[in-house]
$ cat structure.txt   # compact mmCIF, C-alpha atoms
# COMPACT_ATOMS: atom_id res chain seq x y z
CA MET A 1 -11.86 32.34 14.31
CA THR A 2 -10.75 29.63 11.92
CA GLY A 3 -13.13 30.41 9.08
CA VAL A 4 -14.17 26.74 9.06
CA PRO A 5 -17.85 25.96 9.75
CA GLU A 6 -18.43 24.56 13.23
CA ASN A 7 -19.92 21.32 11.92
CA ALA A 8 -16.84 20.73 9.79
CA GLN A 9 -14.14 21.50 12.36
CA SER A 10 -14.12 17.92 13.64
CA ILE A 11 -13.53 16.45 10.18
CA LYS A 12 -10.00 15.04 10.12
CA VAL A 13 -7.99 11.85 10.26
CA ASP A 14 -5.66 11.01 13.13
CA GLU A 15 -3.33 8.48 11.55
CA LYS A 16 -2.72 5.32 13.54
CA LEU A 17 -0.06 3.60 11.48
CA GLY A 18 1.08 0.31 12.94
CA LYS A 19 -2.07 -0.11 15.05
CA ASP A 20 -4.46 -3.06 14.71
CA ILE A 21 -8.13 -2.69 13.89
CA PRO A 22 -10.71 -4.34 16.22
CA ARG A 23 -11.29 -7.65 14.50
CA GLU A 24 -14.15 -8.66 16.83
CA LEU A 25 -16.58 -6.01 15.52
CA LEU A 26 -19.79 -7.31 13.96
CA PHE A 27 -21.40 -5.92 10.80
CA VAL A 28 -23.91 -7.08 8.18
CA ASN A 29 -22.82 -7.72 4.60
CA ASP A 30 -24.68 -6.81 1.41
CA ARG A 31 -26.47 -10.19 1.48
CA GLY A 32 -27.87 -9.55 4.96
CA GLU A 33 -25.46 -11.95 6.67
CA PRO A 34 -23.77 -11.18 10.02
CA THR A 35 -20.06 -10.69 9.38
CA GLN A 36 -17.26 -10.45 11.92
CA LEU A 37 -14.70 -7.96 10.65
CA GLY A 38 -11.78 -10.23 11.52
CA LYS A 39 -13.09 -12.91 9.15
CA LEU A 40 -12.22 -10.63 6.22
CA PHE A 41 -8.53 -10.65 7.19
CA ASP A 42 -7.24 -14.05 6.13
CA GLY A 43 -3.52 -13.52 6.73
CA LYS A 44 -2.88 -13.58 2.98
CA ARG A 45 -4.57 -10.61 1.30
CA PRO A 46 -4.24 -6.94 2.25
CA VAL A 47 -7.39 -4.81 2.50
CA ILE A 48 -8.35 -1.34 1.30
CA LEU A 49 -10.84 0.12 3.78
CA THR A 50 -13.13 3.09 3.09
CA LEU A 51 -15.85 4.68 5.23
CA ASN A 52 -18.77 5.99 3.19
CA TYR A 53 -22.58 5.95 3.04
CA SER A 54 -24.98 5.45 0.15
CA ASP A 55 -26.97 8.67 0.57
CA CYS A 56 -23.85 10.87 0.51
CA PRO A 57 -24.60 13.69 -1.95
CA GLY A 58 -21.17 13.90 -3.55
CA LEU A 59 -17.91 13.04 -1.80
CA CYS A 60 -18.53 9.31 -1.35
CA ILE A 61 -19.61 9.01 -4.98
CA ALA A 62 -16.44 10.74 -6.14
CA GLN A 63 -14.24 8.61 -3.89
CA LEU A 64 -15.77 5.27 -4.86
CA ASN A 65 -15.68 6.25 -8.53
CA GLY A 66 -12.01 7.20 -8.17
CA LEU A 67 -11.18 4.00 -6.31
CA THR A 68 -12.94 1.91 -8.95
CA GLU A 69 -11.02 3.65 -11.73
CA GLY A 70 -7.68 3.31 -9.93
CA VAL A 71 -8.18 -0.40 -9.28
CA SER A 72 -9.37 -0.98 -12.86
CA GLU A 73 -6.22 0.62 -14.29
CA MET A 74 -3.83 -1.05 -11.85
CA PHE A 75 -1.41 -3.53 -13.43
CA GLY A 76 -0.79 -7.06 -12.21
CA LEU A 77 -3.02 -7.26 -9.11
CA SER A 78 -6.62 -8.43 -9.08
CA LEU A 79 -9.38 -7.63 -6.61
CA GLY A 80 -10.37 -10.87 -4.94
CA PRO A 81 -7.40 -13.16 -5.64
CA ASP A 82 -4.72 -10.66 -4.52
CA PHE A 83 -6.45 -8.13 -2.25
CA GLN A 84 -9.84 -7.18 -0.84
CA MET A 85 -11.77 -3.96 -0.35
CA VAL A 86 -14.13 -3.20 2.53
CA SER A 87 -16.52 -0.23 2.41
CA ILE A 88 -18.37 0.36 5.68
CA SER A 89 -21.37 2.68 5.86
CA ILE A 90 -21.07 5.36 8.55
CA ASP A 91 -24.88 5.73 8.57
CA PRO A 92 -26.40 3.22 11.05
CA ARG A 93 -29.79 3.68 9.34
CA GLU A 94 -28.55 2.28 6.04
CA THR A 95 -30.34 -0.89 4.99
CA THR A 96 -29.00 -4.07 3.42
CA GLU A 97 -31.05 -3.40 0.29
CA LYS A 98 -29.53 0.03 -0.17
CA VAL A 99 -25.94 -1.09 0.37
CA ALA A 100 -26.49 -4.02 -2.02
CA LYS A 101 -27.53 -1.56 -4.73
CA THR A 102 -24.44 0.54 -4.03
CA LYS A 103 -22.22 -2.52 -4.42
CA ALA A 104 -23.94 -3.51 -7.66
CA ARG A 105 -23.45 -0.01 -9.07
CA TYR A 106 -19.68 -0.04 -8.59
CA SER A 107 -19.08 -3.73 -9.21
CA THR A 108 -20.34 -3.41 -12.77
CA LEU A 109 -17.61 -0.84 -13.47
CA LEU A 110 -14.80 -3.29 -12.69
CA PRO A 111 -12.99 -5.14 -15.51
CA ARG A 112 -13.41 -8.90 -15.80
CA GLU A 113 -10.16 -9.76 -14.01
CA HIS A 114 -11.47 -8.19 -10.80
CA HIS A 115 -13.94 -10.19 -8.72
CA ALA A 116 -16.88 -8.35 -7.15
CA SER A 117 -16.86 -10.94 -4.35
CA GLY A 118 -13.65 -9.34 -3.12
CA TRP A 119 -15.39 -6.01 -2.41
CA HIS A 120 -17.39 -6.16 0.83
CA PHE A 121 -20.02 -3.50 1.56
CA LEU A 122 -21.03 -3.55 5.22
CA THR A 123 -23.64 -1.91 7.45
CA GLY A 124 -23.69 -1.86 11.22
CA ASP A 125 -25.04 -0.27 14.36
CA ALA A 126 -23.81 3.07 15.66
CA LYS A 127 -21.47 1.47 18.22
CA SER A 128 -19.65 -0.76 15.70
CA ILE A 129 -19.35 2.10 13.21
CA ALA A 130 -17.92 4.42 15.86
CA SER A 131 -15.45 1.74 16.96
CA ILE A 132 -14.01 1.07 13.49
CA ALA A 133 -13.87 4.80 12.73
CA GLU A 134 -12.04 5.50 15.98
CA SER A 135 -9.60 2.64 15.40
CA VAL A 136 -8.42 4.16 12.10
CA GLY A 137 -8.65 7.78 13.34
CA PHE A 138 -11.53 8.73 11.01
CA LYS A 139 -13.39 11.75 12.43
CA TYR A 140 -16.84 12.68 11.16
CA SER A 141 -20.04 14.33 12.37
CA TYR A 142 -23.74 14.24 11.65
CA ASP A 143 -25.56 17.39 10.57
CA ALA A 144 -29.21 16.90 11.58
CA LYS A 145 -30.31 20.06 9.80
CA SER A 146 -29.24 18.79 6.39
CA ASN A 147 -29.54 15.10 7.31
CA ARG A 148 -26.04 14.34 6.10
CA TYR A 149 -22.64 13.34 7.46
CA ASN A 150 -19.62 15.61 7.33
CA HIS A 151 -16.52 13.57 6.64
CA GLY A 152 -13.30 13.44 4.65
CA SER A 153 -12.10 11.10 1.91
CA VAL A 154 -9.44 8.55 2.80
CA ALA A 155 -8.58 4.97 1.89
CA VAL A 156 -6.86 2.99 4.64
CA LEU A 157 -4.45 0.22 3.65
CA ILE A 158 -4.47 -2.67 6.12
CA SER A 159 -2.21 -5.71 6.24
CA PRO A 160 -3.59 -9.26 5.94
CA GLN A 161 -3.26 -9.53 9.73
CA GLY A 162 -5.25 -6.34 10.39
CA MET A 163 -2.51 -3.74 10.93
CA ILE A 164 -2.83 -0.23 9.45
CA THR A 165 0.02 0.40 7.00
CA ARG A 166 -0.90 3.44 4.89
CA TYR A 167 -3.44 6.25 4.40
CA LEU A 168 -4.30 7.57 0.93
CA TYR A 169 -6.13 10.89 0.83
CA SER A 170 -7.89 11.42 -2.46
CA VAL A 171 -10.99 11.03 -4.57
CA LYS A 172 -8.79 9.98 -7.49
CA PHE A 173 -6.33 7.18 -6.85
CA GLU A 174 -3.27 6.71 -9.05
CA PRO A 175 -2.98 3.04 -10.10
CA GLU A 176 0.75 2.86 -9.32
CA THR A 177 0.26 4.39 -5.87
CA LEU A 178 -2.48 1.85 -5.13
CA ARG A 179 -0.27 -0.97 -6.37
CA LEU A 180 2.77 0.00 -4.29
CA SER A 181 0.56 0.57 -1.24
CA LEU A 182 -0.86 -2.93 -1.59
CA VAL A 183 2.59 -4.46 -2.08
CA GLU A 184 3.76 -2.61 1.02
CA ALA A 185 0.72 -3.74 3.03
CA SER A 186 1.24 -7.35 1.98
CA ASP A 187 4.77 -7.33 3.47
CA GLY A 188 6.28 -8.63 0.25
CA LYS A 189 3.69 -11.32 -0.45
CA LEU A 190 2.38 -9.43 -3.48
CA GLY A 191 4.16 -7.90 -6.45
CA THR A 192 7.39 -8.61 -8.26
CA THR A 193 11.07 -8.17 -7.44
CA SER A 194 10.98 -4.84 -9.26
CA ASP A 195 8.10 -3.73 -6.99
CA GLN A 196 10.22 -4.51 -3.93
CA PHE A 197 13.09 -2.54 -5.44
CA LEU A 198 10.80 0.42 -6.14
CA LEU A 199 9.59 0.40 -2.53
CA TRP A 200 13.23 0.43 -1.39
CA CYS A 201 14.07 3.38 -3.64
CA PHE A 202 10.81 5.28 -3.11
CA HIS A 203 9.00 6.58 -0.05
CA TYR A 204 5.42 7.72 0.41
CA ASN A 205 5.04 11.50 0.24
CA PRO A 206 1.80 12.49 2.04
CA GLU A 207 1.89 16.01 0.58
CA GLU A 208 1.79 14.61 -2.96
CA ASN A 209 -0.27 11.56 -2.00
CA ARG A 210 2.10 9.33 -3.93
CA TYR A 211 5.45 7.53 -3.73
CA SER A 212 8.48 9.71 -4.54
CA ALA A 213 12.11 8.87 -5.18
CA ASP A 214 14.42 8.67 -2.15
CA ALA A 215 17.57 10.45 -3.37
CA LYS A 216 19.86 9.02 -0.67
CA ARG A 217 18.89 5.44 -1.36
CA ILE A 218 19.17 5.85 -5.11
CA LEU A 219 22.65 7.43 -4.76
CA SER A 220 23.66 4.63 -2.39
CA PHE A 221 22.52 2.02 -4.88
CA ALA A 222 24.28 3.82 -7.74
CA ALA A 223 27.55 3.99 -5.76
CA GLY A 224 27.37 0.29 -4.96
CA ALA A 225 26.60 -0.57 -8.56
CA PHE A 226 29.58 1.53 -9.72
CA VAL A 227 31.95 -0.34 -7.38
CA LEU A 228 30.65 -3.72 -8.52
CA MET A 229 30.99 -2.65 -12.15
CA GLY A 230 34.62 -1.64 -11.55
CA VAL A 231 35.38 -4.99 -9.93
CA GLY A 232 33.68 -6.81 -12.78
CA ILE A 233 35.74 -4.95 -15.36
CA SER A 234 39.06 -5.59 -13.59
CA ILE A 235 38.61 -9.34 -13.04
CA PRO A 236 39.20 -10.36 -16.70
CA PHE A 237 42.37 -8.21 -16.75
CA TRP A 238 43.96 -10.10 -13.85
CA PHE A 239 43.04 -13.52 -15.21
CA SER A 240 44.29 -12.67 -18.70
CA ARG A 241 47.88 -11.84 -17.59
CA PRO A 242 50.39 -14.46 -18.97
CA PRO A 243 52.06 -16.63 -16.31
CA ALA A 244 55.76 -16.01 -15.59
CA LYS A 245 58.05 -18.18 -17.72
CA ALA A 246 59.79 -21.03 -15.97
CA GLU A 247 63.19 -19.79 -17.21
CA ALA A 248 62.62 -16.40 -15.67
CA VAL A 249 61.70 -17.97 -12.35
CA ASP A 250 64.83 -20.20 -12.43
CA GLU A 251 67.08 -17.22 -13.17
CA LEU A 252 65.53 -15.29 -10.31
CA LEU A 253 66.08 -18.18 -7.88
CA GLU A 254 69.69 -18.67 -9.08
CA SER A 255 70.44 -14.98 -8.71
CA SER A 256 69.02 -15.00 -5.20
CA THR A 257 71.12 -18.04 -4.24
CA THR A 258 74.33 -16.46 -5.63
CA SER A 259 73.72 -13.23 -3.77
CA SER A 260 73.16 -15.13 -0.54
CA SER A 261 76.43 -17.10 -0.97
CA SER A 262 78.44 -13.95 -1.65
CA ALA A 263 77.08 -12.34 1.45
CA GLN A 264 78.18 -15.34 3.58
CA ASP A 265 81.77 -15.21 2.15
$ encode --input "structure.txt" --output "structure tokens"
Amino acid sequence: MTGVPENAQSIKVDEKLGKDIPRELLFVNDRGEPTQLGKLFDGKRPVILTLNYSDCPGLCIAQLNGLTEGVSEMFGLSLGPDFQMVSISIDPRETTEKVAKTKARYSTLLPREHHASGWHFLTGDAKSIASIAESVGFKYSYDAKSNRYNHGSVAVLISPQGMITRYLYSVKFEPETLRLSLVEASDGKLGTTSDQFLLWCFHYNPEENRYSADAKRILSFAAGAFVLMGVGISIPFWFSRPPAKAEAVDELLESSTTSSSSAQD
């Protein structure tokens, strides 16, 4: 006995880091237009993928609210120009009208620098939904008795080419964790030099759902910096030493010559 309800035992995520998503899958966007998933991966902008549905009684609302807040408070990166978000409904019965209302609800919460056009809300048939869910390891089940889906809350970071790079488990997303995850997913195309340095010094801690300091790397950097500092301090000392006087050099040469002559005698 696990103590977990039977209809919830299948709820989990089997991480598939480094795997590609099926780009050929077809969905319908919030304007009712057929959309091939691969068209949303332009080779330039990373993507945050979530799996939700509009009639979810609580968890999806909390997750999308948390994602909206995290993105809104994130510094330096803008939805649309720098990255995209894709939210796919896991309910094959969901209509275009309903998903359009869901998009409108969350888009209005975004600050002006974020573009709603960069957040794609998609619906699809059961086969396409199952395929994308399986490709990212997202397990869920349908409870016919309550007419709801049992599922977890995860945001999947995907590279501009369609490769899974990170999983974030939360209904409240820290802005800095989102930012570093996007910089990581972009393979250095986003962010600043300091962001790249932070990613070198920090690693993602799944237990804390955030990036934590890597003590070994920080100590290694500190040791290298100490050596360079020592070299930098010593260089002016060597260049500031006065050159040997010509008279002293002549006396040394003369003394050496005299000693050599005496030895030959």
$ closest_residue --input "structure.txt" --among "A:Leu37, A:Met163, A:Leu17, A:Cys60" --to "A:Gly124" --atoms "all atoms listed in the file"
A:Leu37
$ residues_around --input "structure.txt" --residues "A:Asp14" --least-positions-apart "4" --cutoff "12 Å" --atoms "only C-alpha atoms" --output "VMD selection string"
chain A and resid 10 19 133 to 140 152 154 156 167
$ atom_distance --input "structure.txt" --atom1 "atom CA of A:Ser128" --atom2 "atom CA of A:Glu94"
13.5 Å
$ residues_around --input "structure.txt" --residues "stretch 83-90 of chain A" --least-positions-apart "4" --cutoff "6 Å" --atoms "only C-alpha atoms" --output "number ranges by chain"
A: 45-53, 79, 118-123, 129
$ atom_distance --input "structure.txt" --atom1 "atom CA of A:Thr108" --atom2 "atom CA of A:Glu174"
20.2 Å
$ atom_distance --input "structure.txt" --atom1 "atom CA of A:Leu59" --atom2 "atom CA of A:Ser170"
10.2 Å
$ closest_residue --input "structure.txt" --among "A:Ser153, A:His114, A:Glu33, A:Asp55" --to "A:Gly76" --atoms "only C-alpha atoms"
A:His114
$ closest_residue --input "structure.txt" --among "A:Ser159, A:Ser54, A:Ser107, A:Thr96" --to "A:Ser72" --atoms "only C-alpha atoms"
A:Ser107
$ closest_residue --input "structure.txt" --among "A:Asp30, A:Glu184, A:Glu15, A:Glu176" --to "A:Thr102" --atoms "all atoms listed in the file"
A:Asp30
$ residues_near_point --input "structure.txt" --point "(-24.0, 10.5, 7.7)" --cutoff "8 Å" --atoms "all atoms listed in the file" --output "MDAnalysis selection string"
chainID A and resid 53 55:56 90:91 141:143 147:150
